[in-house]
Structure formats: structure tokens, C-alpha cells
Amino acid sequence: MRNIKFLIIGVLFGIILSKTEVVSWYRIYEMFKFQSFHMYGIIGSAVVIGIVIMQLFKKEVIKDYLGNKIIVKDKEKGFVKTLVGGTIFGLGWALSGACPGPMYVLAGQGAIAILVVLLGAVIGAFIYGLLSKKLPN
């Protein structure tokens, strides 16, 4: 029961994703065809919020659930790695019609076909875990 706050935050996040139509395949399709600003506005808002939260982590305003400082390690710069990873992510997003967060919302809404995508994501993460030491990341 002490972790119920995380369940509540997850449910609220799912409701927000659903109500803003982020889980809509049509909205994703519009975005990739550059026909609508809707998704770009949501993604841009998420980037701005992420920047603000990262600054709050660094200033120790936000701490982890145990009250410890959250330390964010600097990432190694790499153009090719970013390009390859972004391309793989984008292709998966375009082919499946969903990125990782909304996949769970779609499953919760009863979209049975998304279970195939979720299974593929889990298998992909498992394979990456097996190969990560051998990959140039």
C-alpha cells in the first residue's frame, strides 16, 4: 500500500495520454505525414517539462522516493549512435503506431492487437540486454 502513489500517477498518466489522443494511431499518422501540429506540440511540451524537471533534480528540489539525491550522469556524446537509435525507435513507432508509454494505455483500452507489439517490445528489450555488452553503445 505504501507504493499506491506510483499506481495513481501511472493511472493519471494513462488518462492524460488517452484524453490528449496521444494513443490515437490517426494522430501519429498525421504527425508522420506533417499534416498536424497536435503531436509536435505535445512532444515539445514534454521536452520543456523534462528540461525543467532535470534542473530540479540537479538543484536537489526533487529527490527519489527514499529522500535521496537523484544523480543524473552525463551521457556520452555520439552522433551515429543517436542517429541509429533514433531511426530504430522511429521506425518501430511508425510501424506499430505507438511508442512505449501509449502501448500500455492501448492495452488497457482493450486494443488486443497491441499485445503483439508489446510482446515484440519485450523481446527486443531482452535481446538488447543480451547483446548490449557487444554493441557500440
# chains A, B, ... in the order shown; residues from 1 in each chain; ligands from 1
$ residues_around --residues "region 98-110 of chain A" --least-positions-apart "4" --cutoff "6 Å" --atoms "only C-alpha atoms" --output "mmCIF file with all heavy atoms, in the first residue's frame"
data_model
loop_
_atom_site.group_PDB
_atom_site.id
_atom_site.type_symbol
_atom_site.label_atom_id
_atom_site.label_comp_id
_atom_site.auth_asym_id
_atom_site.auth_seq_id
_atom_site.Cartn_x
_atom_site.Cartn_y
_atom_site.Cartn_z
ATOM 1 N N GLY A 14 -1.847 7.628 -17.807
ATOM 2 C CA GLY A 14 -2.595 6.914 -18.843
ATOM 3 C C GLY A 14 -3.837 7.675 -19.277
ATOM 4 O O GLY A 14 -4.151 7.746 -20.465
ATOM 5 N N VAL A 23 -2.480 8.360 -27.917
ATOM 6 C CA VAL A 23 -2.550 6.936 -28.245
ATOM 7 C C VAL A 23 -3.290 6.678 -29.560
ATOM 8 O O VAL A 23 -3.400 5.540 -29.990
ATOM 9 C CB VAL A 23 -3.219 6.129 -27.112
ATOM 10 C CG1 VAL A 23 -2.410 6.218 -25.837
ATOM 11 C CG2 VAL A 23 -4.641 6.592 -26.874
ATOM 12 N N TRP A 93 8.031 2.988 -34.009
ATOM 13 C CA TRP A 93 6.884 3.823 -33.681
ATOM 14 C C TRP A 93 5.964 3.952 -34.892
ATOM 15 O O TRP A 93 4.746 3.807 -34.794
ATOM 16 C CB TRP A 93 7.381 5.186 -33.232
ATOM 17 C CG TRP A 93 6.354 6.091 -32.627
ATOM 18 C CD1 TRP A 93 5.075 5.776 -32.286
ATOM 19 C CD2 TRP A 93 6.538 7.456 -32.287
ATOM 20 N NE1 TRP A 93 4.445 6.869 -31.745
ATOM 21 C CE2 TRP A 93 5.325 7.917 -31.731
ATOM 22 C CE3 TRP A 93 7.588 8.336 -32.386
ATOM 23 C CZ2 TRP A 93 5.153 9.213 -31.294
ATOM 24 C CZ3 TRP A 93 7.414 9.623 -31.934
ATOM 25 C CH2 TRP A 93 6.211 10.062 -31.394
#
$ residues_around --residues "Lys73 (chain A)" --least-positions-apart "2" --cutoff "12 Å" --atoms "only C-alpha atoms" --output "VMD selection string"
chain A and resid 54 57 to 58 70 to 71 75 to 76
$ residues_around --residues "region 42-49 of chain A" --least-positions-apart "5" --cutoff "10 Å" --atoms "only C-alpha atoms" --output "number ranges by chain"
A: 17, 20-22, 37, 54-55
$ closest_residue --among "A:Ser96, A:His38, A:Leu83, A:Ile88" --to "Val116 (chain A)" --atoms "only C-alpha atoms"
A:Ser96
$ atom_distance --atom1 "CA of Gly50 (chain A)" --atom2 "CA of Leu91 (chain A)"
23.4 Å
$ closest_residue --among "A:Ile9, A:Ile16, A:Val84, A:Ala94" --to "Glu30 (chain A)" --atoms "only C-alpha atoms"
A:Ala94
$ select_by_dssp --residues "chain A" --states "alpha helix (DSSP H)" --output "number ranges by chain"
A: 4-19, 25-32, 38-58, 79-96, 100-108, 114-131
$ closest_residue --among "A:Trp25, A:Met1, A:Leu12, A:Gly86" --to "Ala111 (chain A)" --atoms "only C-alpha atoms"
A:Trp25
$ atom_distance --atom1 "CA of Tyr128 (chain A)" --atom2 "CA of Phe89 (chain A)"
13.1 Å
$ decode --residues "region 36-135 of chain A" --atoms "C-alpha atoms" --output "PDB file, in the first residue's frame"
ATOM      1  CA  SER A  36      -0.946  18.363 -37.924  1.00  0.00           C
ATOM      2  CA  PHE A  37       0.879  20.200 -35.140  1.00  0.00           C
ATOM      3  CA  HIS A  38      -1.015  18.281 -32.405  1.00  0.00           C
ATOM      4  CA  MET A  39       1.630  15.643 -31.619  1.00  0.00           C
ATOM      5  CA  TYR A  40       4.562  18.015 -32.128  1.00  0.00           C
ATOM      6  CA  GLY A  41       3.005  20.357 -29.570  1.00  0.00           C
ATOM      7  CA  ILE A  42       2.618  17.538 -27.055  1.00  0.00           C
ATOM      8  CA  ILE A  43       6.156  16.250 -27.647  1.00  0.00           C
ATOM      9  CA  GLY A  44       7.541  19.805 -27.405  1.00  0.00           C
ATOM     10  CA  SER A  45       5.673  20.314 -24.122  1.00  0.00           C
ATOM     11  CA  ALA A  46       7.126  17.063 -22.797  1.00  0.00           C
ATOM     12  CA  VAL A  47      10.655  18.194 -23.738  1.00  0.00           C
ATOM     13  CA  VAL A  48      10.191  21.523 -21.906  1.00  0.00           C
ATOM     14  CA  ILE A  49       8.776  19.771 -18.833  1.00  0.00           C
ATOM     15  CA  GLY A  50      11.677  17.296 -18.944  1.00  0.00           C
ATOM     16  CA  ILE A  51      14.212  20.133 -19.006  1.00  0.00           C
ATOM     17  CA  VAL A  52      12.556  21.804 -16.017  1.00  0.00           C
ATOM     18  CA  ILE A  53      12.440  18.537 -14.045  1.00  0.00           C
ATOM     19  CA  MET A  54      16.108  17.780 -14.827  1.00  0.00           C
ATOM     20  CA  GLN A  55      17.061  21.211 -13.463  1.00  0.00           C
ATOM     21  CA  LEU A  56      15.038  20.497 -10.317  1.00  0.00           C
ATOM     22  CA  PHE A  57      16.934  17.177  -9.946  1.00  0.00           C
ATOM     23  CA  LYS A  58      20.263  18.984 -10.242  1.00  0.00           C
ATOM     24  CA  LYS A  59      19.224  21.605  -7.658  1.00  0.00           C
ATOM     25  CA  GLU A  60      18.019  18.797  -5.352  1.00  0.00           C
ATOM     26  CA  VAL A  61      14.482  20.186  -5.200  1.00  0.00           C
ATOM     27  CA  ILE A  62      13.148  16.780  -6.305  1.00  0.00           C
ATOM     28  CA  LYS A  63      14.503  13.667  -4.603  1.00  0.00           C
ATOM     29  CA  ASP A  64      13.777   9.966  -5.058  1.00  0.00           C
ATOM     30  CA  TYR A  65      11.056   8.199  -3.085  1.00  0.00           C
ATOM     31  CA  LEU A  66      13.522   7.475  -0.261  1.00  0.00           C
ATOM     32  CA  GLY A  67      14.594  11.113   0.001  1.00  0.00           C
ATOM     33  CA  ASN A  68      17.978  10.597  -1.667  1.00  0.00           C
ATOM     34  CA  LYS A  69      19.514  12.975  -4.202  1.00  0.00           C
ATOM     35  CA  ILE A  70      18.874  11.962  -7.809  1.00  0.00           C
ATOM     36  CA  ILE A  71      22.184  11.922  -9.678  1.00  0.00           C
ATOM     37  CA  VAL A  72      21.926  12.205 -13.439  1.00  0.00           C
ATOM     38  CA  LYS A  73      25.100  11.052 -15.178  1.00  0.00           C
ATOM     39  CA  ASP A  74      26.248  12.925 -18.259  1.00  0.00           C
ATOM     40  CA  LYS A  75      25.692  10.948 -21.427  1.00  0.00           C
ATOM     41  CA  GLU A  76      28.484  10.172 -23.816  1.00  0.00           C
ATOM     42  CA  LYS A  77      28.087  12.215 -26.978  1.00  0.00           C
ATOM     43  CA  GLY A  78      27.703  10.266 -30.201  1.00  0.00           C
ATOM     44  CA  PHE A  79      26.078  11.374 -33.430  1.00  0.00           C
ATOM     45  CA  VAL A  80      25.995   7.958 -35.127  1.00  0.00           C
ATOM     46  CA  LYS A  81      24.616   6.163 -32.049  1.00  0.00           C
ATOM     47  CA  THR A  82      21.900   8.769 -31.666  1.00  0.00           C
ATOM     48  CA  LEU A  83      21.035   8.614 -35.360  1.00  0.00           C
ATOM     49  CA  VAL A  84      20.865   4.802 -35.420  1.00  0.00           C
ATOM     50  CA  GLY A  85      18.919   4.555 -32.148  1.00  0.00           C
ATOM     51  CA  GLY A  86      16.500   7.302 -33.162  1.00  0.00           C
ATOM     52  CA  THR A  87      15.939   5.675 -36.542  1.00  0.00           C
ATOM     53  CA  ILE A  88      15.174   2.287 -34.981  1.00  0.00           C
ATOM     54  CA  PHE A  89      12.843   3.907 -32.437  1.00  0.00           C
ATOM     55  CA  GLY A  90      11.110   5.990 -35.106  1.00  0.00           C
ATOM     56  CA  LEU A  91      10.641   3.029 -37.432  1.00  0.00           C
ATOM     57  CA  GLY A  92       9.171   0.955 -34.616  1.00  0.00           C
ATOM     58  CA  TRP A  93       6.884   3.823 -33.681  1.00  0.00           C
ATOM     59  CA  ALA A  94       5.761   4.375 -37.271  1.00  0.00           C
ATOM     60  CA  LEU A  95       5.229   0.669 -37.994  1.00  0.00           C
ATOM     61  CA  SER A  96       3.389  -0.128 -34.779  1.00  0.00           C
ATOM     62  CA  GLY A  97       1.567   3.179 -34.432  1.00  0.00           C
ATOM     63  CA  ALA A  98       2.567   3.506 -30.780  1.00  0.00           C
ATOM     64  CA  CYS A  99       5.585   4.398 -28.698  1.00  0.00           C
ATOM     65  CA  PRO A 100       6.303   2.564 -25.401  1.00  0.00           C
ATOM     66  CA  GLY A 101       4.119   4.589 -22.975  1.00  0.00           C
ATOM     67  CA  PRO A 102       0.911   4.572 -25.004  1.00  0.00           C
ATOM     68  CA  MET A 103       1.233   0.839 -25.716  1.00  0.00           C
ATOM     69  CA  TYR A 104       0.102   0.113 -22.159  1.00  0.00           C
ATOM     70  CA  VAL A 105      -2.744   2.618 -22.430  1.00  0.00           C
ATOM     71  CA  LEU A 106      -3.910   0.947 -25.647  1.00  0.00           C
ATOM     72  CA  ALA A 107      -3.777  -2.466 -23.938  1.00  0.00           C
ATOM     73  CA  GLY A 108      -5.821  -1.019 -21.080  1.00  0.00           C
ATOM     74  CA  GLN A 109      -8.351   0.334 -23.568  1.00  0.00           C
ATOM     75  CA  GLY A 110      -8.813  -3.172 -24.953  1.00  0.00           C
ATOM     76  CA  ALA A 111      -6.837  -2.890 -28.206  1.00  0.00           C
ATOM     77  CA  ILE A 112      -5.904  -6.570 -28.369  1.00  0.00           C
ATOM     78  CA  ALA A 113      -3.612  -6.156 -31.411  1.00  0.00           C
ATOM     79  CA  ILE A 114      -1.231  -4.010 -29.347  1.00  0.00           C
ATOM     80  CA  LEU A 115      -0.329  -7.122 -27.337  1.00  0.00           C
ATOM     81  CA  VAL A 116       1.687  -8.311 -30.350  1.00  0.00           C
ATOM     82  CA  VAL A 117       3.576  -5.003 -30.322  1.00  0.00           C
ATOM     83  CA  LEU A 118       4.104  -5.236 -26.552  1.00  0.00           C
ATOM     84  CA  LEU A 119       5.449  -8.761 -26.944  1.00  0.00           C
ATOM     85  CA  GLY A 120       7.816  -7.529 -29.668  1.00  0.00           C
ATOM     86  CA  ALA A 121       8.983  -4.679 -27.424  1.00  0.00           C
ATOM     87  CA  VAL A 122       9.681  -7.063 -24.539  1.00  0.00           C
ATOM     88  CA  ILE A 123      11.555  -9.473 -26.819  1.00  0.00           C
ATOM     89  CA  GLY A 124      13.524  -6.564 -28.321  1.00  0.00           C
ATOM     90  CA  ALA A 125      14.474  -5.276 -24.857  1.00  0.00           C
ATOM     91  CA  PHE A 126      15.516  -8.795 -23.834  1.00  0.00           C
ATOM     92  CA  ILE A 127      17.695  -9.215 -26.944  1.00  0.00           C
ATOM     93  CA  TYR A 128      19.231  -5.790 -26.371  1.00  0.00           C
ATOM     94  CA  GLY A 129      20.029  -6.820 -22.795  1.00  0.00           C
ATOM     95  CA  LEU A 130      21.801  -9.920 -24.088  1.00  0.00           C
ATOM     96  CA  LEU A 131      23.749  -8.052 -26.768  1.00  0.00           C
ATOM     97  CA  SER A 132      24.336  -4.685 -25.060  1.00  0.00           C
ATOM     98  CA  LYS A 133      27.891  -5.517 -23.980  1.00  0.00           C
ATOM     99  CA  LYS A 134      28.827  -6.331 -27.583  1.00  0.00           C
ATOM    100  CA  LEU A 135      27.142  -3.285 -29.170  1.00  0.00           C
TER     101      LEU A 135
END
